[in-house]
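Here is the structure we will look at, set down as structure tokens.
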Amino acid sequence: MKYYIVGAGCGDPGLITVKGMDLLKRAEILIYAGSLVNPELVAASPAEVKLDSWGMKLEEITRVIEDGVRAGRFVVRLHSGDPAIYGSIVEQIAPLETKGIHAEIIPGVSSMFGAAAALQTEYTLRGVSESVIVTRSAGETLDADQIAELSTHGTTMVIFLSTGHIDSVMKKLQRPPETPVAVVYHASWPDQMIIKGTIGTIAAKVHDAEITRSALIIVGDIVAGIHAAYTNSHLYG
């Protein structure tokens, strides 16, 4: 017995994979991640049952999946972005596995890649940064974080779920205050917004724009894109 966990992509409905869209159009029961998923994708599914998982408890979600699969229905769990990045999918998979109900996971385009596209840059820009750190800040659902320690590596940082705590995040960063920072709100959505600044200035700019959620914080010289002090790779040598 099987159900599908599909990454919807980061906003633009065209960024769902071909396989993901095929499964979406075959769904009879669709459980989607609320406003994080473009409503056009939800509308594209002919599913008879469509449930917004915002506010649903884990037990409710897994019960719907189990009941649907056991009834022979085609069940799709639609996550935002890519389900492997802060998707909380393992805790959904685990209890169903014990009952012989298996997940097939279809990757999606994470918001971190939508944000890089919006900035017209790359996280691993030769001569600037060879590594990427993906993390989040402490807050309502996380007691402590490692932002201070991780920032000492001096490489690109992509910080999820933290725009509402941007003041404390900037204070934790062990990097020069002039280090470039970008905040990308709703990457790939029609109302996408890009705010650029530095560790020392970005918080005030974000407050002025009244952005508190649905945005990524990107720290590092790669934010400058073509204006960064990069070197050409050997790829085109």
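Chain labels run A, B, ... following the order of the structure tokens; each chain numbers its residues from 1, and ligands are numbered from 1 in the order shown.
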message: Env of range 8-22 of chain A: 8 Å cut, atoms = only C-alpha atoms, seq-sep filter 3 positions within chain, self excluded. Answer as a VMD selection string.
response: chain A and resid 25 to 26 36 to 38 40 to 41 78 to 82 106 to 111 114 186 to 190
Go ahead and save the picked residues with N, CA and C atoms, as a PDB file, in the first residue's frame.
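Below is the file again31.pdb, written as the result:
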```pdb
ATOM      1  N   LYS A  25      -2.638  15.315 -10.530  1.00  0.00           N
ATOM      2  CA  LYS A  25      -3.830  15.185 -11.370  1.00  0.00           C
ATOM      3  C   LYS A  25      -4.493  13.810 -11.242  1.00  0.00           C
ATOM      4  N   ARG A  26      -3.795  12.884 -10.595  1.00  0.00           N
ATOM      5  CA  ARG A  26      -4.365  11.555 -10.358  1.00  0.00           C
ATOM      6  C   ARG A  26      -4.934  11.422  -8.944  1.00  0.00           C
ATOM      7  N   LEU A  36       1.125  27.903   1.913  1.00  0.00           N
ATOM      8  CA  LEU A  36       2.489  27.741   1.403  1.00  0.00           C
ATOM      9  C   LEU A  36       2.491  27.128   0.006  1.00  0.00           C
ATOM     10  N   VAL A  37       1.380  26.536  -0.378  1.00  0.00           N
ATOM     11  CA  VAL A  37       1.233  25.930  -1.696  1.00  0.00           C
ATOM     12  C   VAL A  37       0.383  26.842  -2.571  1.00  0.00           C
ATOM     13  N   ASN A  38       0.835  27.069  -3.788  1.00  0.00           N
ATOM     14  CA  ASN A  38       0.080  27.935  -4.693  1.00  0.00           C
ATOM     15  C   ASN A  38      -1.317  27.360  -4.932  1.00  0.00           C
ATOM     16  N   GLU A  40      -3.214  27.600  -7.308  1.00  0.00           N
ATOM     17  CA  GLU A  40      -3.393  27.100  -8.674  1.00  0.00           C
ATOM     18  C   GLU A  40      -3.114  25.605  -8.746  1.00  0.00           C
ATOM     19  N   LEU A  41      -2.151  25.138  -7.940  1.00  0.00           N
ATOM     20  CA  LEU A  41      -1.843  23.710  -7.926  1.00  0.00           C
ATOM     21  C   LEU A  41      -2.975  22.925  -7.282  1.00  0.00           C
ATOM     22  N   LEU A  78       0.777  17.001  -0.397  1.00  0.00           N
ATOM     23  CA  LEU A  78       1.472  18.049  -1.144  1.00  0.00           C
ATOM     24  C   LEU A  78       2.153  19.021  -0.190  1.00  0.00           C
ATOM     25  N   HIS A  79       3.485  19.012  -0.219  1.00  0.00           N
ATOM     26  CA  HIS A  79       4.280  19.898   0.632  1.00  0.00           C
ATOM     27  C   HIS A  79       4.786  21.085  -0.178  1.00  0.00           C
ATOM     28  N   SER A  80       5.116  22.169   0.509  1.00  0.00           N
ATOM     29  CA  SER A  80       5.712  23.318  -0.173  1.00  0.00           C
ATOM     30  C   SER A  80       7.190  23.062  -0.427  1.00  0.00           C
ATOM     31  N   GLY A  81       7.739  23.721  -1.435  1.00  0.00           N
ATOM     32  CA  GLY A  81       9.171  23.601  -1.721  1.00  0.00           C
ATOM     33  C   GLY A  81       9.576  22.174  -1.960  1.00  0.00           C
ATOM     34  N   ASP A  82      10.663  21.769  -1.307  1.00  0.00           N
ATOM     35  CA  ASP A  82      11.089  20.376  -1.332  1.00  0.00           C
ATOM     36  C   ASP A  82      10.840  19.796   0.054  1.00  0.00           C
ATOM     37  N   ILE A 106       8.458  12.564  -3.971  1.00  0.00           N
ATOM     38  CA  ILE A 106       8.789  13.255  -5.220  1.00  0.00           C
ATOM     39  C   ILE A 106       9.398  14.607  -4.855  1.00  0.00           C
ATOM     40  N   PRO A 107      10.687  14.823  -5.155  1.00  0.00           N
ATOM     41  CA  PRO A 107      11.338  16.084  -4.778  1.00  0.00           C
ATOM     42  C   PRO A 107      10.684  17.295  -5.446  1.00  0.00           C
ATOM     43  N   GLY A 108      10.937  18.453  -4.863  1.00  0.00           N
ATOM     44  CA  GLY A 108      10.443  19.704  -5.435  1.00  0.00           C
ATOM     45  C   GLY A 108      11.528  20.760  -5.425  1.00  0.00           C
ATOM     46  N   VAL A 109      11.229  21.922  -5.969  1.00  0.00           N
ATOM     47  CA  VAL A 109      12.184  23.027  -5.996  1.00  0.00           C
ATOM     48  C   VAL A 109      12.075  23.792  -4.684  1.00  0.00           C
ATOM     49  N   SER A 110      13.118  23.719  -3.860  1.00  0.00           N
ATOM     50  CA  SER A 110      13.112  24.402  -2.574  1.00  0.00           C
ATOM     51  C   SER A 110      13.126  25.916  -2.756  1.00  0.00           C
ATOM     52  N   SER A 111      12.587  26.611  -1.766  1.00  0.00           N
ATOM     53  CA  SER A 111      12.624  28.075  -1.798  1.00  0.00           C
ATOM     54  C   SER A 111      14.055  28.602  -1.792  1.00  0.00           C
ATOM     55  N   GLY A 114      14.762  28.849  -5.365  1.00  0.00           N
ATOM     56  CA  GLY A 114      13.984  29.949  -5.934  1.00  0.00           C
ATOM     57  C   GLY A 114      14.585  31.290  -5.572  1.00  0.00           C
ATOM     58  N   HIS A 186       8.737  35.365  -0.494  1.00  0.00           N
ATOM     59  CA  HIS A 186       7.891  34.700  -1.489  1.00  0.00           C
ATOM     60  C   HIS A 186       8.642  34.455  -2.799  1.00  0.00           C
ATOM     61  N   ALA A 187       9.777  33.793  -2.714  1.00  0.00           N
ATOM     62  CA  ALA A 187      10.569  33.508  -3.915  1.00  0.00           C
ATOM     63  C   ALA A 187       9.721  32.816  -4.979  1.00  0.00           C
ATOM     64  N   SER A 188       9.711  33.374  -6.164  1.00  0.00           N
ATOM     65  CA  SER A 188       9.030  32.887  -7.371  1.00  0.00           C
ATOM     66  C   SER A 188       7.526  33.158  -7.402  1.00  0.00           C
ATOM     67  N   TRP A 189       6.955  33.728  -6.322  1.00  0.00           N
ATOM     68  CA  TRP A 189       5.544  34.120  -6.337  1.00  0.00           C
ATOM     69  C   TRP A 189       5.407  35.462  -7.065  1.00  0.00           C
ATOM     70  N   PRO A 190       4.209  35.832  -7.492  1.00  0.00           N
ATOM     71  CA  PRO A 190       4.018  37.131  -8.162  1.00  0.00           C
ATOM     72  C   PRO A 190       4.408  38.328  -7.293  1.00  0.00           C
TER      73      PRO A 190
END
```
DSSP helix (DSSP H, G or I) residues within range 111-190 of chain A, as a count of residues only: 24
- prompt: Where in range 69-194 of chain A does DSSP assign strand (DSSP E or B), given as an NGL selection string?
  reply: :A and (75-79 or 81 or 102-106 or 132-136 or 156-160 or 180-185 or 193-194)
- request: In Å, rounded to a single decimal, give me how far CA of Leu24 in chain A is from CA of Asp67 in chain A.
  value: 18.7 Å
Go through range 42-155 of chain A and flag each residue having an atom no more than 6 Å from range 172-180 of chain A; for those, report the closest pair of atoms plus their distance in Å to one decimal, using only C-alpha atoms, ordered by chain and rising number, as a Markdown table.
```
| residue | atom | partner | partner_atom | distance |
| --- | --- | --- | --- | --- |
| A:Ala148 | CA | A:Lys172 | CA | 5.0 |
| A:Ser151 | CA | A:Gln174 | CA | 5.6 |
| A:Thr152 | CA | A:Gln174 | CA | 5.6 |
```
Those residues with C-alpha atoms, as a PDB file, in the first residue's frame please?
```pdb
ATOM      1  CA  ALA A 148      26.792  31.857  15.927  1.00  0.00           C
ATOM      2  CA  SER A 151      28.655  31.640  10.927  1.00  0.00           C
ATOM      3  CA  THR A 152      32.340  31.451  11.852  1.00  0.00           C
TER       4      THR A 152
END
```
Which residues of range 140-187 of chain A come within 10 Å of range 115-135 of chain A, and what is each one's closest atom pair and distance in Å (one decimal), counting only C-alpha atoms, sorted by chain and residue number, as JSON lines?
```
{"residue": "A:Asp145", "atom": "CA", "partner": "A:Thr135", "partner_atom": "CA", "distance": 8.3}
{"residue": "A:Gln146", "atom": "CA", "partner": "A:Thr135", "partner_atom": "CA", "distance": 8.1}
{"residue": "A:Ile147", "atom": "CA", "partner": "A:Thr135", "partner_atom": "CA", "distance": 7.4}
{"residue": "A:Leu150", "atom": "CA", "partner": "A:Ile133", "partner_atom": "CA", "distance": 7.6}
{"residue": "A:Ser151", "atom": "CA", "partner": "A:Ile133", "partner_atom": "CA", "distance": 8.6}
{"residue": "A:His153", "atom": "CA", "partner": "A:Ile133", "partner_atom": "CA", "distance": 9.1}
{"residue": "A:Gly154", "atom": "CA", "partner": "A:Ser129", "partner_atom": "CA", "distance": 8.2}
{"residue": "A:Thr155", "atom": "CA", "partner": "A:Ser129", "partner_atom": "CA", "distance": 5.4}
{"residue": "A:Thr156", "atom": "CA", "partner": "A:Val132", "partner_atom": "CA", "distance": 4.9}
{"residue": "A:Met157", "atom": "CA", "partner": "A:Ile133", "partner_atom": "CA", "distance": 4.7}
{"residue": "A:Val158", "atom": "CA", "partner": "A:Val134", "partner_atom": "CA", "distance": 4.9}
{"residue": "A:Ile159", "atom": "CA", "partner": "A:Thr135", "partner_atom": "CA", "distance": 5.0}
{"residue": "A:Phe160", "atom": "CA", "partner": "A:Thr135", "partner_atom": "CA", "distance": 6.2}
{"residue": "A:Leu161", "atom": "CA", "partner": "A:Thr135", "partner_atom": "CA", "distance": 8.8}
{"residue": "A:Ser162", "atom": "CA", "partner": "A:Thr135", "partner_atom": "CA", "distance": 9.4}
{"residue": "A:Ala182", "atom": "CA", "partner": "A:Leu119", "partner_atom": "CA", "distance": 8.5}
{"residue": "A:Val183", "atom": "CA", "partner": "A:Ala115", "partner_atom": "CA", "distance": 8.7}
{"residue": "A:Val184", "atom": "CA", "partner": "A:Ala115", "partner_atom": "CA", "distance": 6.0}
{"residue": "A:Tyr185", "atom": "CA", "partner": "A:Ala115", "partner_atom": "CA", "distance": 8.3}
{"residue": "A:His186", "atom": "CA", "partner": "A:Ala115", "partner_atom": "CA", "distance": 8.4}
{"residue": "A:Ala187", "atom": "CA", "partner": "A:Ala115", "partner_atom": "CA", "distance": 5.2}
```
field: Point-to-point distance in Å for CA of Gly225 in chain A and CA of Ala204 in chain A
entry: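 We find that CA of Ala204 in chain A and CA of Gly225 in chain A lie 22.6 Å from each other.
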message: Would you compute the distance between CA of Leu142 in chain A and CA of Met56 in chain A? Give it in Å to one decimal.
response: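 About the pair CA of Leu142 in chain A and CA of Met56 in chain A: they are 19.8 Å apart.
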- request: Find, counting only C-alpha atoms, the residue in A:Arg136, A:Arg70, A:Lys196, A:Lys2 that gets nearest to Asp221 in chain A.
  value: A:Lys196
- request: Can you work out which one of A:Gly139, A:Leu23, A:Lys205, A:Arg73 has the shortest atom-to-atom distance to Val49 in chain A, counting only C-alpha atoms?
  value: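 When distances to Val49 in chain A are compared using only C-alpha atoms, the smallest one comes from A:Arg73.
Closest approach to Thr163 in chain A among A:Met1, A:Ile194, A:Ile217, A:Ala209: A:Ile217, based on only C-alpha atoms.
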message: With distances taken over only C-alpha atoms, which residue among A:Gly220, A:Gly164, A:Gly34, A:Gly68 lies nearest Ala203 in chain A?
response: A:Gly164
